[in-house]
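Participant: Pasting in a structure now, in structure tokens, and then I'll have a few things to ask.
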Amino acid sequence: MAGAFQKRLDEEGWIPVPVPGDVHRALLDAGRIEDPFFDRNEDRCAWIEDSEWWYRMSFDGPHRPLGPDERLRLVFNGLDTFATVWLNGEEIGSHANMFREAVFEIGDLVRQGENTLAVLFDRPLDHVGEELPDQWGLTPERVFMRKAQFGFGWDWGPRLPTVGIWRPIELRRERRASIRGVHFYTLYIDPTCKRAAVAVRVELERFATEDRLEAAITLTSPDGSLAADYSLLLDGEDSNFTAYLTVENPRLWWTHDLGEPVLYGLGVELRQEGEVLLHNESRVGIRTLELDQSPIRRSRGRASSASS
């Protein structure tokens, strides 16, 4: 749609869409399509996949100007899938992976008042590569995309490739450094389940400081008590580190059919000279998995039968 990225636009005929959400759900709620899971309505929704889709929204910029050691980033936690983004009429970038964050620095474009954000989603099939001899399946085009494969249909489900902003959007105001990633994993669990060893891998990005930083990690039990903690000092050249923690009497994560999926709270905090620069929170489970490839012993017995 021409001009949909501009700050001012006549939005008559547009329909509201929730974020997080999906175009199919918005069209269904607006009465534009019938339930695609009923009867042969799937065929009547095929045009959605063959169309481009625009999202428009507005937000207020920061009330306080950015400092010289700050930056503002616009973070889409999930764009599905081939998207181009505009802010206040200026194209700021594109993205092509629904499973990874799309991050754009917007400090030079954002305004203190109202800001207009627009996102264009391309037709997925416009981004398919050439066919290869070893491609398989009824829908080989899906293998080219970093996109949920189930949307392209199979014998157990309809072909309804999803499209939209399927995870939340954030404005991240960062100072001096940021956390690029946090990875939690279990190293060992005592056979008696009295102790577990876990590790937390943290990747940082410094963008306005080379001075020493202090990192603090806390692991909180489901009841809110402190299960383990760790702190260290990072010199100017240190950006990544791994913390090793011991958890006493751990409560393990189980699949729903075998037990309770217990989760712990993981906090990662970055400080400098006593000032908190950022804090990251997530939920993690303690559990190890092993692939058992030992031979299966089959008992030998005589078959029996009975009749009446």
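Residues are named by chain letter and number: chains run A, B, ... in the order of the structure tokens, numbers start at 1 in each chain, and ligands are numbered from 1 in the order shown.
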Quick one: residues within 7 Å of segment 246-259 of chain A, only C-alpha atoms, excluding same-chain residues fewer than 6 positions away - as a PyMOL selection string?

Facilitator: chain A and resi 193-198+227-228+285-287

Participant: Selected residues, N, CA and C atoms, written as a tab-separated table (two decimals), in the first residue's frame, please.

Facilitator:
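As a result, again-v3.tsv now contains:
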chain	number	residue	atom	x	y	z
A	193	CYS	N	20.01	-36.63	44.26
A	193	CYS	CA	19.31	-35.36	44.04
A	193	CYS	C	19.45	-34.42	45.24
A	194	LYS	N	20.62	-34.46	45.90
A	194	LYS	CA	20.87	-33.54	47.00
A	194	LYS	C	21.66	-32.31	46.54
A	195	ARG	N	22.23	-32.38	45.34
A	195	ARG	CA	23.06	-31.28	44.87
A	195	ARG	C	23.09	-31.29	43.34
A	196	ALA	N	23.12	-30.09	42.76
A	196	ALA	CA	23.24	-29.94	41.31
A	196	ALA	C	24.27	-28.87	41.00
A	197	ALA	N	25.02	-29.07	39.94
A	197	ALA	CA	25.97	-28.08	39.45
A	197	ALA	C	25.42	-27.50	38.15
A	198	VAL	N	25.32	-26.17	38.09
A	198	VAL	CA	24.79	-25.50	36.90
A	198	VAL	C	25.76	-24.42	36.46
A	227	ALA	N	18.63	-19.58	45.99
A	227	ALA	CA	19.20	-20.91	45.82
A	227	ALA	C	20.70	-20.87	45.61
A	228	ALA	N	21.21	-19.83	44.95
A	228	ALA	CA	22.64	-19.69	44.70
A	228	ALA	C	22.90	-18.29	44.18
A	285	GLY	N	15.11	-24.14	34.10
A	285	GLY	CA	14.87	-25.42	34.74
A	285	GLY	C	16.16	-26.21	34.90
A	286	ILE	N	16.23	-26.99	35.96
A	286	ILE	CA	17.39	-27.84	36.23
A	286	ILE	C	17.03	-29.26	35.81
A	287	ARG	N	17.78	-29.78	34.83
A	287	ARG	CA	17.47	-31.09	34.29
A	287	ARG	C	18.59	-31.53	33.36

Participant: Please provide the set of residues having any atom within 8 Å of Met57 of chain A, restricted to only C-alpha atoms, with same-chain residues fewer than 3 positions apart removed, written as a compact mmCIF listing (two decimals) with N, CA and C atoms, in the first residue's frame.

Facilitator:
# COMPACT_ATOMS: atom_id res chain seq x y z
N THR A 116 5.79 7.21 14.83
CA THR A 116 5.02 6.27 14.01
C THR A 116 5.92 5.14 13.53
N LEU A 117 5.47 3.93 13.79
CA LEU A 117 6.21 2.73 13.41
C LEU A 117 5.39 1.97 12.38
N ALA A 118 6.03 1.52 11.30
CA ALA A 118 5.35 0.75 10.26
C ALA A 118 6.19 -0.47 9.92

Participant: Within 9 Å of segment 157-177 of chain A, which residues of segment 243-305 of chain A come that close, and what is the closest atom pair and distance in Å for each? Count only C-alpha atoms and give it as CSV.

Facilitator:
residue,atom,partner,partner_atom,distance
A:Leu270,CA,A:Ala177,CA,8.4
A:Leu277,CA,A:Arg175,CA,6.1
A:Leu278,CA,A:Glu174,CA,7.4

Participant: Next, write the just-selected residues to a file, as a PDB file, in the first residue's frame, keeping N, CA and C atoms as the atom set.

Facilitator:
ATOM      1  N   LEU A 270      24.209  -6.007  36.020  1.00  0.00           N
ATOM      2  CA  LEU A 270      25.477  -5.389  35.676  1.00  0.00           C
ATOM      3  C   LEU A 270      25.565  -4.041  36.385  1.00  0.00           C
ATOM      4  N   LEU A 277      23.496  -0.770  35.973  1.00  0.00           N
ATOM      5  CA  LEU A 277      23.362  -0.392  34.564  1.00  0.00           C
ATOM      6  C   LEU A 277      22.212  -1.129  33.896  1.00  0.00           C
ATOM      7  N   LEU A 278      22.032  -2.391  34.229  1.00  0.00           N
ATOM      8  CA  LEU A 278      20.950  -3.167  33.634  1.00  0.00           C
ATOM      9  C   LEU A 278      20.691  -4.411  34.457  1.00  0.00           C
TER      10      LEU A 278
END

Participant: Could you work out how far atom CA of Ser94 of chain A lies from atom CA of Arg64 of chain A, giving the answer in Å with one decimal?

Facilitator: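 About the pair atom CA of Arg64 of chain A and atom CA of Ser94 of chain A: they are 28.0 Å apart.
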
Participant: So which one's closest to Gln6 of chain A, A:Gly113, A:Pro191, A:Gly265, A:Gly89? Using only C-alpha atoms, please.

Facilitator: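 Closest candidate: A:Gly89.
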
Participant: What does the structure give for the distance between atom CA of Val262 of chain A and atom CA of Asn280 of chain A, in Å to one decimal?

Facilitator: 19.9 Å

Participant: If DSSP is run on the backbone, what residues of segment 135-165 of chain A are helix (DSSP H, G or I)? A reply as a PyMOL selection string would be ideal.

Facilitator: chain A and resi 140-144+149-151

Participant: Can you pull out the residues contacting segment 210-218 of chain A? Cut-off 7 Å, using only C-alpha atoms, and skip same-chain residues under 2 positions away; I want them as a list of chain:residue names.

Facilitator: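 My list of contacting residues is A:Thr220, A:Ala228, A:Asp229, A:Tyr230, A:Ser231, A:Leu232, A:Leu233, A:Leu234, A:Asp235, A:Gly236, A:Leu266, A:Gly267, A:Val268, A:Glu269, A:Leu270, A:Arg271, A:Gln272.
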
Participant: Run DSSP on the backbone and grab whatever in segment 82-305 of chain A lands in strand (DSSP E); send it over as a PyMOL selection string.

Facilitator: chain A and resi 83-87+90-95+102-105+114-121+152-154+157-159+164-165+169-175+177-189+195-206+213-220+226-234+240-248+264-272+275-284

Participant: Mind writing the picked residues with C-alpha atoms as a JSON list (two decimals), in the first residue's frame?

Facilitator:
[["chain", "number", "residue", "atom", "x", "y", "z"],
["A", 83, "ALA", "CA", 9.77, -7.80, 7.34],
["A", 84, "THR", "CA", 10.92, -4.25, 6.55],
["A", 85, "VAL", "CA", 10.62, -1.61, 9.29],
["A", 86, "TRP", "CA", 10.10, 2.17, 9.08],
["A", 87, "LEU", "CA", 10.23, 4.74, 11.90],
["A", 90, "GLU", "CA", 12.54, 6.44, 7.48],
["A", 91, "GLU", "CA", 13.44, 2.83, 6.66],
["A", 92, "ILE", "CA", 15.56, 1.48, 9.51],
["A", 93, "GLY", "CA", 16.15, -2.11, 8.38],
["A", 94, "SER", "CA", 14.77, -5.53, 7.55],
["A", 95, "HIS", "CA", 14.62, -8.99, 9.06],
["A", 102, "ALA", "CA", 15.25, -7.93, 15.24],
["A", 103, "VAL", "CA", 17.17, -5.05, 16.86],
["A", 104, "PHE", "CA", 17.49, -1.49, 15.51],
["A", 105, "GLU", "CA", 19.26, 1.51, 17.04],
["A", 114, "GLU", "CA", 4.57, 10.68, 19.19],
["A", 115, "ASN", "CA", 6.44, 8.31, 16.88],
["A", 116, "THR", "CA", 5.02, 6.27, 14.01],
["A", 117, "LEU", "CA", 6.21, 2.73, 13.41],
["A", 118, "ALA", "CA", 5.35, 0.75, 10.26],
["A", 119, "VAL", "CA", 6.19, -2.83, 9.35],
["A", 120, "LEU", "CA", 5.75, -4.46, 5.94],
["A", 121, "PHE", "CA", 5.56, -8.26, 5.73],
["A", 152, "PHE", "CA", 2.73, -24.88, 5.35],
["A", 153, "GLY", "CA", 0.38, -27.74, 6.11],
["A", 154, "TRP", "CA", 0.57, -31.52, 6.22],
["A", 157, "GLY", "CA", -3.09, -29.61, 9.61],
["A", 158, "PRO", "CA", -4.11, -26.94, 7.08],
["A", 159, "ARG", "CA", -1.80, -24.71, 5.08],
["A", 164, "GLY", "CA", 2.58, -10.84, 12.00],
["A", 165, "ILE", "CA", 4.31, -9.57, 15.12],
["A", 169, "ILE", "CA", 8.08, -5.15, 21.09],
["A", 170, "GLU", "CA", 10.46, -3.34, 23.44],
["A", 171, "LEU", "CA", 12.22, -0.01, 23.70],
["A", 172, "ARG", "CA", 15.54, -0.68, 25.43],
["A", 173, "ARG", "CA", 17.31, 2.31, 26.86],
["A", 174, "GLU", "CA", 20.83, 1.11, 27.58],
["A", 175, "ARG", "CA", 23.75, 2.77, 29.31],
["A", 177, "ALA", "CA", 26.86, -1.82, 28.21],
["A", 178, "SER", "CA", 24.19, -4.38, 27.36],
["A", 179, "ILE", "CA", 23.58, -8.11, 27.68],
["A", 180, "ARG", "CA", 23.72, -9.86, 24.33],
["A", 181, "GLY", "CA", 22.72, -13.27, 25.64],
["A", 182, "VAL", "CA", 22.29, -15.46, 28.71],
["A", 183, "HIS", "CA", 22.56, -19.25, 28.48],
["A", 184, "PHE", "CA", 21.78, -21.49, 31.46],
["A", 185, "TYR", "CA", 22.60, -25.19, 31.47],
["A", 186, "THR", "CA", 22.86, -28.07, 33.95],
["A", 187, "LEU", "CA", 26.26, -29.72, 34.36],
["A", 188, "TYR", "CA", 25.55, -32.45, 36.89],
["A", 189, "ILE", "CA", 22.90, -33.74, 39.27],
["A", 195, "ARG", "CA", 23.06, -31.28, 44.87],
["A", 196, "ALA", "CA", 23.24, -29.94, 41.31],
["A", 197, "ALA", "CA", 25.97, -28.08, 39.45],
["A", 198, "VAL", "CA", 24.79, -25.50, 36.90],
["A", 199, "ALA", "CA", 26.47, -22.92, 34.68],
["A", 200, "VAL", "CA", 25.41, -19.50, 33.39],
["A", 201, "ARG", "CA", 27.10, -18.18, 30.25],
["A", 202, "VAL", "CA", 26.72, -14.40, 29.82],
["A", 203, "GLU", "CA", 27.72, -12.41, 26.73],
["A", 204, "LEU", "CA", 28.05, -8.63, 27.11],
["A", 205, "GLU", "CA", 28.50, -5.74, 24.72],
["A", 206, "ARG", "CA", 30.36, -2.61, 25.82],
["A", 213, "LEU", "CA", 32.21, -3.70, 35.55],
["A", 214, "GLU", "CA", 30.69, -5.85, 38.28],
["A", 215, "ALA", "CA", 28.39, -8.72, 37.35],
["A", 216, "ALA", "CA", 26.06, -10.39, 39.85],
["A", 217, "ILE", "CA", 24.02, -13.56, 39.26],
["A", 218, "THR", "CA", 21.20, -14.84, 41.47],
["A", 219, "LEU", "CA", 19.25, -18.07, 41.21],
["A", 220, "THR", "CA", 15.92, -18.00, 43.07],
["A", 226, "LEU", "CA", 17.89, -17.64, 47.27],
["A", 227, "ALA", "CA", 19.20, -20.91, 45.82],
["A", 228, "ALA", "CA", 22.64, -19.69, 44.70],
["A", 229, "ASP", "CA", 24.49, -16.50, 43.80],
["A", 230, "TYR", "CA", 27.72, -15.41, 42.17],
["A", 231, "SER", "CA", 29.59, -12.15, 41.50],
["A", 232, "LEU", "CA", 32.78, -11.14, 39.73],
["A", 233, "LEU", "CA", 34.66, -8.11, 38.43],
["A", 234, "LEU", "CA", 35.19, -7.65, 34.70],
["A", 240, "ASN", "CA", 31.96, -12.70, 28.25],
["A", 241, "PHE", "CA", 32.09, -14.98, 31.26],
["A", 242, "THR", "CA", 30.70, -18.25, 32.65],
["A", 243, "ALA", "CA", 29.54, -18.57, 36.27],
["A", 244, "TYR", "CA", 29.43, -21.95, 37.99],
["A", 245, "LEU", "CA", 26.85, -22.42, 40.76],
["A", 246, "THR", "CA", 25.95, -25.21, 43.18],
["A", 247, "VAL", "CA", 22.30, -25.74, 44.08],
["A", 248, "GLU", "CA", 21.46, -27.71, 47.23],
["A", 264, "TYR", "CA", 13.86, -21.16, 38.98],
["A", 265, "GLY", "CA", 14.29, -17.41, 38.60],
["A", 266, "LEU", "CA", 17.61, -16.34, 37.06],
["A", 267, "GLY", "CA", 18.76, -12.75, 37.51],
["A", 268, "VAL", "CA", 21.80, -11.18, 35.87],
["A", 269, "GLU", "CA", 22.74, -7.66, 36.97],
["A", 270, "LEU", "CA", 25.48, -5.39, 35.68],
["A", 271, "ARG", "CA", 26.86, -2.60, 37.87],
["A", 272, "GLN", "CA", 29.56, 0.04, 37.68],
["A", 275, "GLU", "CA", 25.30, 1.95, 39.99],
["A", 276, "VAL", "CA", 23.02, -0.62, 38.35],
["A", 277, "LEU", "CA", 23.36, -0.39, 34.56],
["A", 278, "LEU", "CA", 20.95, -3.17, 33.63],
["A", 279, "HIS", "CA", 19.09, -6.17, 34.97],
["A", 280, "ASN", "CA", 17.99, -9.28, 33.09],
["A", 281, "GLU", "CA", 15.38, -11.76, 34.36],
["A", 282, "SER", "CA", 14.50, -15.21, 33.00],
["A", 283, "ARG", "CA", 13.12, -18.56, 34.16],
["A", 284, "VAL", "CA", 15.18, -21.74, 33.93]]

Participant: When you count only C-alpha atoms, which of these residues is closest to Ala30 of chain A: A:Asp60, A:Ala148, A:Trp14, A:Asn97?

Facilitator: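 Under the stated criterion, the closest residue is A:Trp14.
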
Participant: What's the separation between atom CA of Leu66 of chain A and atom CA of Leu109 of chain A, in Å to one decimal place?

Facilitator: 11.9 Å

Participant: Restricting the calculation to only C-alpha atoms: of A:Arg32, A:Arg71, A:Arg44, A:His24, which residue gets closest to Phe207 of chain A?

Facilitator: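 Of all the options, A:Arg71 lies closest to Phe207 of chain A.
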
Participant: Between A:Pro222, A:Asp108, A:Leu27, A:Gly274, which is the closest to Glu260 of chain A once you count only C-alpha atoms?

Facilitator: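 With only C-alpha atoms as the atom set, the closest residue is A:Pro222.
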
Participant: Please provide the set of residues having any atom within 7 Å of Gln112 of chain A, restricted to only C-alpha atoms, with same-chain residues fewer than 5 positions apart removed, written as a list in words.

Facilitator: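 Listed by chain and then number, they are Asp60, Gly61, Pro62 and His63 of chain A.
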
Participant: Let me make sure I understand: among A:Pro124, A:Pro140, A:Pro16, A:Pro295, which one has the smallest atom-to-atom distance to Ile48 of chain A if we use only C-alpha atoms?

Facilitator: A:Pro124

Participant: With a distance cut-off of 10 Å and only C-alpha atoms, select the neighbouring residues of Asp29 of chain A, excluding the residue or stretch itself and same-chain residues fewer than 4 positions from it, and output the selection as a list of chain:residue names.

Facilitator: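 My reading of the contact set: A:Ile15, A:Pro16, A:Val17, A:Val23, A:His24, A:Arg25, A:Ile33, A:Glu34, A:Asp35.
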
Participant: Keeping only N, CA, C and O atoms, take the residues you just selected and write them out as an mmCIF file, in the first residue's frame.

Facilitator:
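Contents of selection-v4.cif, freshly written:
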data_model
loop_
_atom_site.group_PDB
_atom_site.id
_atom_site.type_symbol
_atom_site.label_atom_id
_atom_site.label_comp_id
_atom_site.auth_asym_id
_atom_site.auth_seq_id
_atom_site.Cartn_x
_atom_site.Cartn_y
_atom_site.Cartn_z
ATOM 1 N N ILE A 15 -7.812 -2.646 9.935
ATOM 2 C CA ILE A 15 -8.438 -3.371 11.036
ATOM 3 C C ILE A 15 -7.454 -3.460 12.197
ATOM 4 O O ILE A 15 -6.238 -3.503 11.995
ATOM 5 N N PRO A 16 -7.952 -3.464 13.434
ATOM 6 C CA PRO A 16 -7.056 -3.584 14.593
ATOM 7 C C PRO A 16 -6.460 -4.982 14.669
ATOM 8 O O PRO A 16 -7.101 -5.971 14.294
ATOM 9 N N VAL A 17 -5.234 -5.063 15.161
ATOM 10 C CA VAL A 17 -4.564 -6.348 15.308
ATOM 11 C C VAL A 17 -3.815 -6.347 16.633
ATOM 12 O O VAL A 17 -3.143 -5.367 16.969
ATOM 13 N N VAL A 23 -2.080 -12.204 11.668
ATOM 14 C CA VAL A 23 -3.025 -11.644 10.709
ATOM 15 C C VAL A 23 -4.285 -12.488 10.609
ATOM 16 O O VAL A 23 -5.403 -11.957 10.532
ATOM 17 N N HIS A 24 -4.155 -13.817 10.603
ATOM 18 C CA HIS A 24 -5.327 -14.680 10.490
ATOM 19 C C HIS A 24 -6.311 -14.419 11.630
ATOM 20 O O HIS A 24 -7.525 -14.332 11.418
ATOM 21 N N ARG A 25 -5.789 -14.323 12.860
ATOM 22 C CA ARG A 25 -6.645 -14.088 14.006
ATOM 23 C C ARG A 25 -7.328 -12.721 13.907
ATOM 24 O O ARG A 25 -8.517 -12.578 14.214
ATOM 25 N N ILE A 33 -12.777 -13.207 7.451
ATOM 26 C CA ILE A 33 -12.669 -14.597 7.022
ATOM 27 C C ILE A 33 -13.487 -15.463 7.978
ATOM 28 O O ILE A 33 -13.815 -15.043 9.091
ATOM 29 N N GLU A 34 -13.817 -16.664 7.516
ATOM 30 C CA GLU A 34 -14.468 -17.640 8.367
ATOM 31 C C GLU A 34 -13.410 -18.555 8.989
ATOM 32 O O GLU A 34 -12.256 -18.581 8.539
ATOM 33 N N ASP A 35 -13.790 -19.279 10.014
ATOM 34 C CA ASP A 35 -12.855 -20.134 10.737
ATOM 35 C C ASP A 35 -12.119 -21.047 9.762
ATOM 36 O O ASP A 35 -12.733 -21.931 9.148
#
